[in-house]
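Working notes, beginning with the structure itself.
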Amino acid sequence: MHSLNQEIKAFSRNNLRKQCTRVTTLTGKKIIETWKDARIHVVEEVEPSSGGSCGYVQDLSLDLHIGVIKPWLLLGSQDAAHDLDTLKKYKNVLNLLNKQK
């Protein structure tokens with residue numbers, strides 16, 4: 001069994017898979033971002049013109065999920081932080097909020 005130290009020392013960037021990220025801008029323009037020689041390269045994606053490109057889709061639904069990292073460390077979005085019904089499930093958080101008032 002290898003130790004973490006051995007794994008880190010044996011790490012090689014050559015073993016990583018090449019990665020690209022497709023991005024759609026607010027105007028609907030599609031680009032591809034890739035890393036090469038420690039620099040980011042941006043290329044406009046060429047695709048057949050469909051005429052219906054509209055950019056981002058706005059998501060107005062609330063994200064009320066809270067992840068418990070440790071009993072004293074929670075991870076959540078702004079939506080969860082502003083929703084008292086969600087916070088009531090985590091009484092320790094409410095107790096801390098009340099002490100700060």
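Letters A, B, ... go to the chains of the structure tokens in the order shown; residues in each chain start at 1; ligands are counted from 1 in the same order.
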
So which residues touch Trp35 of chain A within 12 Å, counting only C-alpha atoms, skipping near sequence neighbours fewer than 3 positions away, as a tab-separated table (two decimals) with all heavy atoms, in the first residue's frame?
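Ended up saving to part-v5.tsv:
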```
chain	number	residue	atom	x	y	z
A	16	LEU	N	-2.52	13.04	-16.66
A	16	LEU	CA	-3.82	13.70	-16.65
A	16	LEU	C	-4.45	13.67	-18.04
A	16	LEU	O	-3.75	13.77	-19.06
A	16	LEU	CB	-3.68	15.15	-16.20
A	16	LEU	CG	-3.21	15.36	-14.77
A	16	LEU	CD1	-3.00	16.85	-14.52
A	16	LEU	CD2	-4.20	14.79	-13.78
A	17	ARG	N	-5.77	13.53	-18.09
A	17	ARG	CA	-6.47	13.58	-19.37
A	17	ARG	C	-6.62	15.03	-19.80
A	17	ARG	O	-6.78	15.92	-18.96
A	17	ARG	CB	-7.86	12.97	-19.24
A	17	ARG	CG	-7.83	11.48	-19.04
A	17	ARG	CD	-9.22	10.90	-19.06
A	17	ARG	NE	-10.01	11.51	-18.00
A	17	ARG	CZ	-11.32	11.44	-17.91
A	17	ARG	NH1	-12.01	10.80	-18.80
A	17	ARG	NH2	-11.96	12.01	-16.92
A	18	LYS	N	-6.58	15.26	-21.09
A	18	LYS	CA	-6.80	16.62	-21.60
A	18	LYS	C	-8.25	16.99	-21.33
A	18	LYS	O	-9.15	16.17	-21.44
A	18	LYS	CB	-6.48	16.69	-23.08
A	18	LYS	CG	-5.01	16.45	-23.34
A	18	LYS	CD	-4.61	16.90	-24.71
A	18	LYS	CE	-3.18	16.54	-24.97
A	18	LYS	NZ	-2.25	17.53	-24.66
A	19	GLN	N	-8.46	18.23	-20.97
A	19	GLN	CA	-9.78	18.71	-20.55
A	19	GLN	C	-10.16	19.95	-21.34
A	19	GLN	O	-9.31	20.76	-21.67
A	19	GLN	CB	-9.72	19.06	-19.06
A	19	GLN	CG	-11.02	19.37	-18.43
A	19	GLN	CD	-11.75	18.12	-18.04
A	19	GLN	OE1	-11.20	17.06	-17.95
A	19	GLN	NE2	-13.03	18.25	-17.79
A	20	CYS	N	-11.44	20.09	-21.67
A	20	CYS	CA	-11.92	21.32	-22.27
A	20	CYS	C	-13.26	21.66	-21.64
A	20	CYS	O	-13.98	20.79	-21.17
A	20	CYS	CB	-12.03	21.22	-23.79
A	20	CYS	SG	-13.33	20.15	-24.36
A	21	THR	N	-13.56	22.94	-21.61
A	21	THR	CA	-14.81	23.42	-21.02
A	21	THR	C	-15.57	24.20	-22.08
A	21	THR	O	-15.04	25.13	-22.68
A	21	THR	CB	-14.52	24.35	-19.82
A	21	THR	OG1	-13.70	23.66	-18.89
A	21	THR	CG2	-15.80	24.79	-19.15
A	32	ILE	N	-14.92	27.38	-26.48
A	32	ILE	CA	-14.27	26.23	-25.84
A	32	ILE	C	-13.00	26.73	-25.18
A	32	ILE	O	-12.17	27.38	-25.82
A	32	ILE	CB	-13.94	25.13	-26.86
A	32	ILE	CG1	-15.22	24.63	-27.54
A	32	ILE	CG2	-13.20	23.97	-26.20
A	32	ILE	CD1	-14.98	23.65	-28.65
A	38	ALA	N	0.33	25.77	-19.47
A	38	ALA	CA	-0.03	26.55	-18.28
A	38	ALA	C	-0.76	27.85	-18.62
A	38	ALA	O	-0.77	28.78	-17.84
A	38	ALA	CB	1.20	26.83	-17.42
A	39	ARG	N	-1.36	27.93	-19.81
A	39	ARG	CA	-2.14	29.10	-20.21
A	39	ARG	C	-3.48	28.63	-20.74
A	39	ARG	O	-3.59	27.57	-21.33
A	39	ARG	CB	-1.41	29.89	-21.28
A	39	ARG	CG	-0.07	30.43	-20.79
A	39	ARG	CD	0.57	31.28	-21.80
A	39	ARG	NE	-0.10	32.57	-21.76
A	39	ARG	CZ	0.16	33.55	-22.58
A	39	ARG	NH1	1.07	33.40	-23.51
A	39	ARG	NH2	-0.48	34.69	-22.50
A	40	ILE	N	-4.48	29.46	-20.53
A	40	ILE	CA	-5.81	29.12	-21.03
A	40	ILE	C	-5.97	29.61	-22.46
A	40	ILE	O	-5.56	30.72	-22.79
A	40	ILE	CB	-6.91	29.68	-20.11
A	40	ILE	CG1	-8.24	29.07	-20.45
A	40	ILE	CG2	-6.97	31.19	-20.18
A	40	ILE	CD1	-9.30	29.28	-19.38
A	41	HIS	N	-6.51	28.77	-23.31
A	41	HIS	CA	-6.76	29.11	-24.71
A	41	HIS	C	-8.26	29.08	-24.95
A	41	HIS	O	-8.94	28.15	-24.55
A	41	HIS	CB	-6.07	28.11	-25.64
A	41	HIS	CG	-4.59	28.16	-25.55
A	41	HIS	ND1	-3.83	28.96	-26.35
A	41	HIS	CD2	-3.72	27.51	-24.74
A	41	HIS	CE1	-2.54	28.81	-26.04
A	41	HIS	NE2	-2.46	27.93	-25.06
A	42	VAL	N	-8.77	30.10	-25.59
A	42	VAL	CA	-10.20	30.22	-25.87
A	42	VAL	C	-10.40	30.18	-27.38
A	42	VAL	O	-9.77	30.93	-28.11
A	42	VAL	CB	-10.79	31.53	-25.29
A	42	VAL	CG1	-12.25	31.65	-25.62
A	42	VAL	CG2	-10.55	31.59	-23.79
A	43	VAL	N	-11.28	29.28	-27.81
A	43	VAL	CA	-11.57	29.13	-29.23
A	43	VAL	C	-13.08	29.18	-29.39
A	43	VAL	O	-13.82	28.57	-28.62
A	43	VAL	CB	-11.05	27.77	-29.75
A	43	VAL	CG1	-11.41	27.57	-31.21
A	43	VAL	CG2	-9.55	27.65	-29.54
```

task = Quick one: everything within 6 Å of Lys30 of chain A, counting only C-alpha atoms, minus sequence neighbours fewer than 2 positions away in the same chain. Send it as an MDAnalysis selection string.
result = chainID A and resid 23:24 45

So that I have them on file, write out the residues from the current selection with N, CA, C and O atoms, as a PDB file, in the first residue's frame.
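result-v8.pdb, written as the output of this step:
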```
ATOM      1  N   VAL A  23     -18.381  26.827 -22.916  1.00  0.00           N
ATOM      2  CA  VAL A  23     -19.013  27.949 -22.230  1.00  0.00           C
ATOM      3  C   VAL A  23     -19.988  28.622 -23.185  1.00  0.00           C
ATOM      4  O   VAL A  23     -19.665  28.833 -24.357  1.00  0.00           O
ATOM      5  N   THR A  24     -21.174  28.951 -22.677  1.00  0.00           N
ATOM      6  CA  THR A  24     -22.127  29.744 -23.442  1.00  0.00           C
ATOM      7  C   THR A  24     -22.221  31.110 -22.780  1.00  0.00           C
ATOM      8  O   THR A  24     -22.542  31.208 -21.605  1.00  0.00           O
ATOM      9  N   GLU A  45     -16.474  28.082 -30.678  1.00  0.00           N
ATOM     10  CA  GLU A  45     -16.980  26.808 -31.165  1.00  0.00           C
ATOM     11  C   GLU A  45     -17.736  27.028 -32.467  1.00  0.00           C
ATOM     12  O   GLU A  45     -18.595  27.891 -32.563  1.00  0.00           O
TER      13      GLU A  45
END
```

key: Shell around Gly67 of chain A at 8 Å using only C-alpha atoms, local window under 3 positions removed, as a ChimeraX atom specification   = /A:74-76

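Among the residues of segment 6-74 of chain A, backbone DSSP assigns strand (DSSP E) to Cys20, Thr21, Arg22, Val23, Thr24, Lys30, Ile31, Ile32, Glu33, Thr34, Trp35, Lys36, Arg39, Ile40, His41, Val42, Val43, Glu44, Ile66, Gly67, Val68, Ile69, Lys70, Leu73 and Leu74 of chain A.
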
Mind writing the picked residues with C-alpha atoms as a PDB file, in the first residue's frame?
```
ATOM      1  CA  CYS A  20     -11.920  21.323 -22.268  1.00  0.00           C
ATOM      2  CA  THR A  21     -14.807  23.424 -21.025  1.00  0.00           C
ATOM      3  CA  ARG A  22     -17.678  24.538 -23.235  1.00  0.00           C
ATOM      4  CA  VAL A  23     -19.013  27.949 -22.230  1.00  0.00           C
ATOM      5  CA  THR A  24     -22.127  29.744 -23.442  1.00  0.00           C
ATOM      6  CA  LYS A  30     -20.339  29.315 -27.590  1.00  0.00           C
ATOM      7  CA  ILE A  31     -16.621  29.023 -26.842  1.00  0.00           C
ATOM      8  CA  ILE A  32     -14.274  26.230 -25.837  1.00  0.00           C
ATOM      9  CA  GLU A  33     -11.636  26.800 -23.141  1.00  0.00           C
ATOM     10  CA  THR A  34      -8.590  24.528 -22.906  1.00  0.00           C
ATOM     11  CA  TRP A  35      -5.301  24.631 -20.993  1.00  0.00           C
ATOM     12  CA  LYS A  36      -2.014  24.377 -22.867  1.00  0.00           C
ATOM     13  CA  ARG A  39      -2.136  29.098 -20.210  1.00  0.00           C
ATOM     14  CA  ILE A  40      -5.807  29.122 -21.032  1.00  0.00           C
ATOM     15  CA  HIS A  41      -6.760  29.108 -24.710  1.00  0.00           C
ATOM     16  CA  VAL A  42     -10.204  30.218 -25.868  1.00  0.00           C
ATOM     17  CA  VAL A  43     -11.571  29.130 -29.227  1.00  0.00           C
ATOM     18  CA  GLU A  44     -14.986  29.969 -30.638  1.00  0.00           C
ATOM     19  CA  ILE A  66     -27.330  21.906   3.272  1.00  0.00           C
ATOM     20  CA  GLY A  67     -24.352  19.604   3.483  1.00  0.00           C
ATOM     21  CA  VAL A  68     -23.052  18.613   6.901  1.00  0.00           C
ATOM     22  CA  ILE A  69     -19.273  18.529   6.619  1.00  0.00           C
ATOM     23  CA  LYS A  70     -18.730  18.179  10.378  1.00  0.00           C
ATOM     24  CA  LEU A  73     -19.474  22.867   9.827  1.00  0.00           C
ATOM     25  CA  LEU A  74     -22.346  23.181   7.343  1.00  0.00           C
TER      26      LEU A  74
END
```

task = For atom CA of Gln78 of chain A and atom CA of Ser61 of chain A, quote the distance in Å rounded to one decimal.
result = 12.3 Å
